[in-house]
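Okay, so here's the structure we're looking at.
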Amino acid sequence: MKFTIGLFAAVISLGGALASNVIELDPDNFDSIVGQGKPALVEFFAPWCGHCKNLAPTYEQLADAFVHAKDKVVIAKVDADGVGKSLGSKYGVTGFPTLKWFNAAGGEPEKYEGGRDLDALSSFITSKTGIKSNIKPPPPPAYQILDINTFDDVVINSDDDVIVSFTAPWCGHCKHLKPTWDEVAKDFAAESRCIIANIDADAAHNKPLAQKYGVQGFPTIKFFGKGNKDKPEDYDGPRTEEAFVEFMNEKCGVQRAPGGGLTELAGRLPEFDTLATKFLDATGEARDAIYKDAAELAAAVGPAASHYVRVMEKVVNGSEEYVEKEAKRLATILKKRTLAPAKLDELKIKANILGAFKKVQEAAGHIAAEL
């Protein structure tokens, strides 16, 4: 009895798992469902077709996305190489998968020529019916989205360094670039003068910009440097986060790290690095003299050099162990990453400057390894 109940429960569970919101059509039920007052998207597939197998999970998601409106739109499929072969012939199916859109009154269908990703398919149905899917919209990208009305203000008429990806919605390489582009924009979010942007260069109203800047393929990436906006530079390097960050660091004069934060070079000043090394090698009056020289030089250089002087001041005033203790403290805070990005940048620069002092090379290396 227990076995029977367990088996029944398993069957029920399996049936629930296999439940589908995609309607299966064949010659017997096709005309009673399609063209009966509701528009329909119909996939003509073959069981052996690799592209059909790739589309299958997305098509299931599509039907789920419109399940709330199944009384208004039909998402269906036909085995056009099996039981529904006659339907495939009737509607001119010559390859698999073929998707066709049938109006509510039936008649000659429209072949679907768009992308086969969930966003493209759901957008197509929404454009045809006005029905919105229940797909939660993705969060807005970290990069700026431009069009012909905003391009000049952001790119040409600003004093910012701007890198722009010219893309098209249907372009596979553009889709592959999109998440990387978003990560790069996040990496430079704190750099207000270093802008990561994108434009749909295939949209009709934006095509004049694509023509103006010689965009002939997608994606095309161009860098518009401040002071040289009329001659943008083509980016031809690798399309990785690391490569884009390295490129933009060089162009913007910053030290951003892939994945967020700053590199070990951020905040370091070669002239003060040399003084830091001499300072810790010296003793007594020689050390005091280097400290005074550094303070005078820092007054001319400005805030960027102030932390070098602060470290020397701590040591001169008797805190010989300050460098090592402070390095360890900062390493602990930075590892937790619980502070605001701007504060983390500030502490990272302090940790980097401590690395200029010879006695903390090991501690600085430990910080670099953990960050």
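To be explicit about the labels: the chains of the structure tokens are called A, B, and onward in the order shown, and within each one the residues are counted from 1, while ligands get numbers from 1 in the order they are shown.
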
Item to complete: Would you mind writing down, as a VMD selection string, each residue of stretch 195-351 of chain A that DSSP on the backbone assigns to helix (DSSP H, G or I)?
Response: chain A and resid 204 to 212 241 to 252 270 to 281 284 to 301 303 to 316 322 to 336 341 to 351

Discussion item. Run DSSP on the backbone and tell me which residues of stretch 53-260 of chain A come out as strand (DSSP E); list them as a PyMOL selection string.
Written reply: chain A and resi 74-79+98-103+106-111+144-146+161-167+194-200+220-224+233-234

Store the residues picked out above, limited to N, CA and C atoms, as a compact mmCIF listing (two decimals), in the first residue's frame.
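Generated file (selection-v9.txt):
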```
# COMPACT_ATOMS: atom_id res chain seq x y z
N VAL A 74 -1.92 32.68 -28.31
CA VAL A 74 -1.57 31.26 -28.30
C VAL A 74 -0.09 31.10 -28.60
N ILE A 75 0.60 30.32 -27.80
CA ILE A 75 1.98 29.92 -28.07
C ILE A 75 1.93 28.42 -28.32
N ALA A 76 2.27 28.00 -29.54
CA ALA A 76 2.06 26.61 -29.91
C ALA A 76 3.22 26.08 -30.75
N LYS A 77 3.21 24.75 -30.96
CA LYS A 77 4.24 24.12 -31.78
C LYS A 77 3.66 22.94 -32.54
N VAL A 78 4.32 22.61 -33.66
CA VAL A 78 3.89 21.50 -34.52
C VAL A 78 5.11 20.67 -34.89
N ASP A 79 5.03 19.38 -34.71
CA ASP A 79 6.08 18.49 -35.21
C ASP A 79 5.90 18.38 -36.72
N THR A 98 11.01 26.80 -37.86
CA THR A 98 10.37 27.94 -38.52
C THR A 98 9.25 28.43 -37.62
N LEU A 99 9.23 29.73 -37.36
CA LEU A 99 8.18 30.31 -36.53
C LEU A 99 7.30 31.20 -37.39
N LYS A 100 6.00 31.05 -37.23
CA LYS A 100 5.05 31.84 -38.01
C LYS A 100 4.00 32.45 -37.09
N TRP A 101 3.63 33.67 -37.45
CA TRP A 101 2.62 34.41 -36.68
C TRP A 101 1.30 34.40 -37.43
N PHE A 102 0.27 33.88 -36.76
CA PHE A 102 -1.07 33.82 -37.33
C PHE A 102 -1.96 34.86 -36.65
N ASN A 103 -2.61 35.68 -37.45
CA ASN A 103 -3.54 36.66 -36.90
C ASN A 103 -4.75 35.97 -36.29
N GLY A 106 -6.85 34.08 -38.60
CA GLY A 106 -6.19 33.06 -39.40
C GLY A 106 -5.65 33.64 -40.69
N GLY A 107 -5.79 32.89 -41.78
CA GLY A 107 -5.29 33.36 -43.06
C GLY A 107 -3.81 33.09 -43.23
N GLU A 108 -3.20 33.78 -44.18
CA GLU A 108 -1.78 33.58 -44.47
C GLU A 108 -0.92 34.11 -43.32
N PRO A 109 -0.05 33.27 -42.77
CA PRO A 109 0.75 33.72 -41.63
C PRO A 109 1.95 34.56 -42.05
N GLU A 110 2.53 35.25 -41.07
CA GLU A 110 3.75 36.04 -41.26
C GLU A 110 4.93 35.28 -40.67
N LYS A 111 5.98 35.13 -41.45
CA LYS A 111 7.15 34.42 -40.95
C LYS A 111 7.91 35.29 -39.95
N GLN A 144 25.97 54.32 -19.98
CA GLN A 144 24.99 55.28 -20.47
C GLN A 144 24.47 54.85 -21.84
N ILE A 145 23.16 54.91 -22.01
CA ILE A 145 22.56 54.59 -23.30
C ILE A 145 22.28 55.91 -24.04
N LEU A 146 22.84 56.04 -25.22
CA LEU A 146 22.73 57.27 -25.98
C LEU A 146 21.82 57.09 -27.20
N ASP A 161 36.31 61.98 -21.17
CA ASP A 161 36.80 60.92 -22.05
C ASP A 161 35.67 59.90 -22.16
N VAL A 162 35.27 59.57 -23.39
CA VAL A 162 34.10 58.73 -23.60
C VAL A 162 34.43 57.60 -24.57
N ILE A 163 34.10 56.38 -24.17
CA ILE A 163 34.20 55.24 -25.09
C ILE A 163 32.79 54.78 -25.41
N VAL A 164 32.51 54.61 -26.70
CA VAL A 164 31.16 54.29 -27.15
C VAL A 164 31.16 53.00 -27.94
N SER A 165 30.25 52.10 -27.59
CA SER A 165 30.04 50.90 -28.39
C SER A 165 28.83 51.13 -29.29
N PHE A 166 29.04 51.00 -30.58
CA PHE A 166 27.98 51.11 -31.58
C PHE A 166 27.50 49.68 -31.87
N THR A 167 26.27 49.37 -31.49
CA THR A 167 25.79 47.99 -31.56
C THR A 167 24.45 47.91 -32.30
N CYS A 194 35.21 59.79 -16.95
CA CYS A 194 35.58 58.64 -17.78
C CYS A 194 34.29 57.85 -18.05
N ILE A 195 33.68 58.04 -19.22
CA ILE A 195 32.32 57.58 -19.49
C ILE A 195 32.31 56.35 -20.39
N ILE A 196 31.51 55.37 -20.00
CA ILE A 196 31.28 54.18 -20.81
C ILE A 196 29.86 54.29 -21.36
N ALA A 197 29.71 54.25 -22.68
CA ALA A 197 28.40 54.49 -23.28
C ALA A 197 28.12 53.50 -24.41
N ASN A 198 26.85 53.45 -24.79
CA ASN A 198 26.40 52.57 -25.87
C ASN A 198 25.32 53.26 -26.69
N ILE A 199 25.25 52.92 -27.96
CA ILE A 199 24.19 53.43 -28.82
C ILE A 199 23.75 52.33 -29.78
N ASP A 200 22.43 52.21 -29.95
CA ASP A 200 21.88 51.29 -30.95
C ASP A 200 22.06 51.95 -32.31
N THR A 220 31.07 48.15 -33.22
CA THR A 220 32.19 49.05 -33.49
C THR A 220 32.39 49.90 -32.23
N ILE A 221 33.63 49.98 -31.77
CA ILE A 221 33.92 50.69 -30.52
C ILE A 221 34.88 51.84 -30.82
N LYS A 222 34.51 53.04 -30.38
CA LYS A 222 35.32 54.22 -30.63
C LYS A 222 35.53 55.01 -29.34
N PHE A 223 36.73 55.53 -29.21
CA PHE A 223 37.09 56.35 -28.05
C PHE A 223 37.16 57.81 -28.46
N PHE A 224 36.40 58.65 -27.75
CA PHE A 224 36.37 60.08 -27.99
C PHE A 224 37.11 60.77 -26.84
N GLU A 233 39.13 57.60 -31.85
CA GLU A 233 40.08 56.51 -32.06
C GLU A 233 39.33 55.17 -32.06
N ASP A 234 39.58 54.36 -33.07
CA ASP A 234 38.97 53.03 -33.11
C ASP A 234 39.62 52.14 -32.06
```

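For the set A:Glu250, A:Asp160, A:Asp31, A:Glu321, the residue with the smallest atom-to-atom gap to A:Ser192 is A:Asp160, counting only C-alpha atoms.
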
Worksheet item: Leaving out A:Leu55 and any residue of its chain fewer than 6 positions from it, which residues lie within 12 Å of it when counting only C-alpha atoms, given as a ChimeraX atom specification?
Response: /A:43-47,49,61-62,77,96-99,115-118,121

Same residues, C-alpha atoms, output as a PDB file, in the first residue's frame:
```
ATOM      1  CA  GLU A  43       6.856  26.865 -34.055  1.00  0.00           C
ATOM      2  CA  PHE A  44       7.268  24.261 -36.780  1.00  0.00           C
ATOM      3  CA  PHE A  45       9.983  21.936 -35.496  1.00  0.00           C
ATOM      4  CA  ALA A  46      11.571  18.542 -36.020  1.00  0.00           C
ATOM      5  CA  PRO A  47      12.548  16.297 -33.070  1.00  0.00           C
ATOM      6  CA  CYS A  49      16.814  19.315 -35.191  1.00  0.00           C
ATOM      7  CA  GLN A  61       9.816  30.259 -21.041  1.00  0.00           C
ATOM      8  CA  LEU A  62       8.015  32.321 -23.664  1.00  0.00           C
ATOM      9  CA  LYS A  77       4.237  24.124 -31.784  1.00  0.00           C
ATOM     10  CA  PHE A  96      13.613  23.939 -38.829  1.00  0.00           C
ATOM     11  CA  PRO A  97      12.729  25.624 -36.647  1.00  0.00           C
ATOM     12  CA  THR A  98      10.373  27.936 -38.523  1.00  0.00           C
ATOM     13  CA  LEU A  99       8.182  30.312 -36.527  1.00  0.00           C
ATOM     14  CA  GLY A 115      16.036  36.864 -32.726  1.00  0.00           C
ATOM     15  CA  ARG A 116      15.362  33.612 -30.926  1.00  0.00           C
ATOM     16  CA  ASP A 117      16.153  34.861 -27.442  1.00  0.00           C
ATOM     17  CA  LEU A 118      13.410  35.383 -24.883  1.00  0.00           C
ATOM     18  CA  LEU A 121      10.369  36.779 -28.919  1.00  0.00           C
TER      19      LEU A 121
END
```

Discussion item. Would you pick out the contacts of A:Gly259 at 10 Å or less, using only C-alpha atoms, so that residues sharing its chain but fewer than 3 positions from it are not included, and give the list as a PyMOL selection string?
Written reply: chain A and resi 183-184+186-188+241-242+245+256+262

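Pairwise distance (atom CA of A:Trp48, atom CA of A:Ile33) equals 25.8 Å.
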
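For the residues A:Asp236, A:Asp71, A:Glu271, A:Asp293, ranking by smallest atom-to-atom distance to A:Ala40 using only C-alpha atoms places A:Asp71 first.
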
Worksheet entry | Two-atom distance - atom CA of A:Phe151, atom CA of A:Asp230 (Å) | 13.3 Å

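With only C-alpha atoms as the atoms that count, the minimum distance from A:Arg310 to the choices A:Val22, A:Lys350, A:Ala289, A:Thr332 is reached by A:Lys350.
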
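Once A:Asn352 and its same-chain neighbours fewer than 5 positions away are set aside, Glu264, Leu265, Ala266, Gly267 and Arg268 of chain A remain within 7 Å of it when counting only C-alpha atoms.
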
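Among the candidate residues A:Gly84, A:Pro303, A:Pro57, A:Pro179, the one lying nearest to A:Arg239 is A:Pro179, with distances computed using only C-alpha atoms.
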
Discussion item. Could you tell me how far atom CA of A:Leu25 sits from atom CA of A:Ala56, in Å to one decimal place?
Written reply: 15.3 Å

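The shortest atom-to-atom distance to A:Thr274, with only C-alpha atoms taken into account, belongs to A:Ile290 out of A:Pro141, A:Ile290, A:Asp345, A:Pro219.
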
Practice prompt. Can you pull out every residue within 12 Å of A:Asp273, counting only C-alpha atoms, but drop anything in the same chain fewer than 3 positions away, and send it as an MDAnalysis selection string?
Written response: chainID A and resid 265 267:270 276:280 294 305 307:309 312 352:358
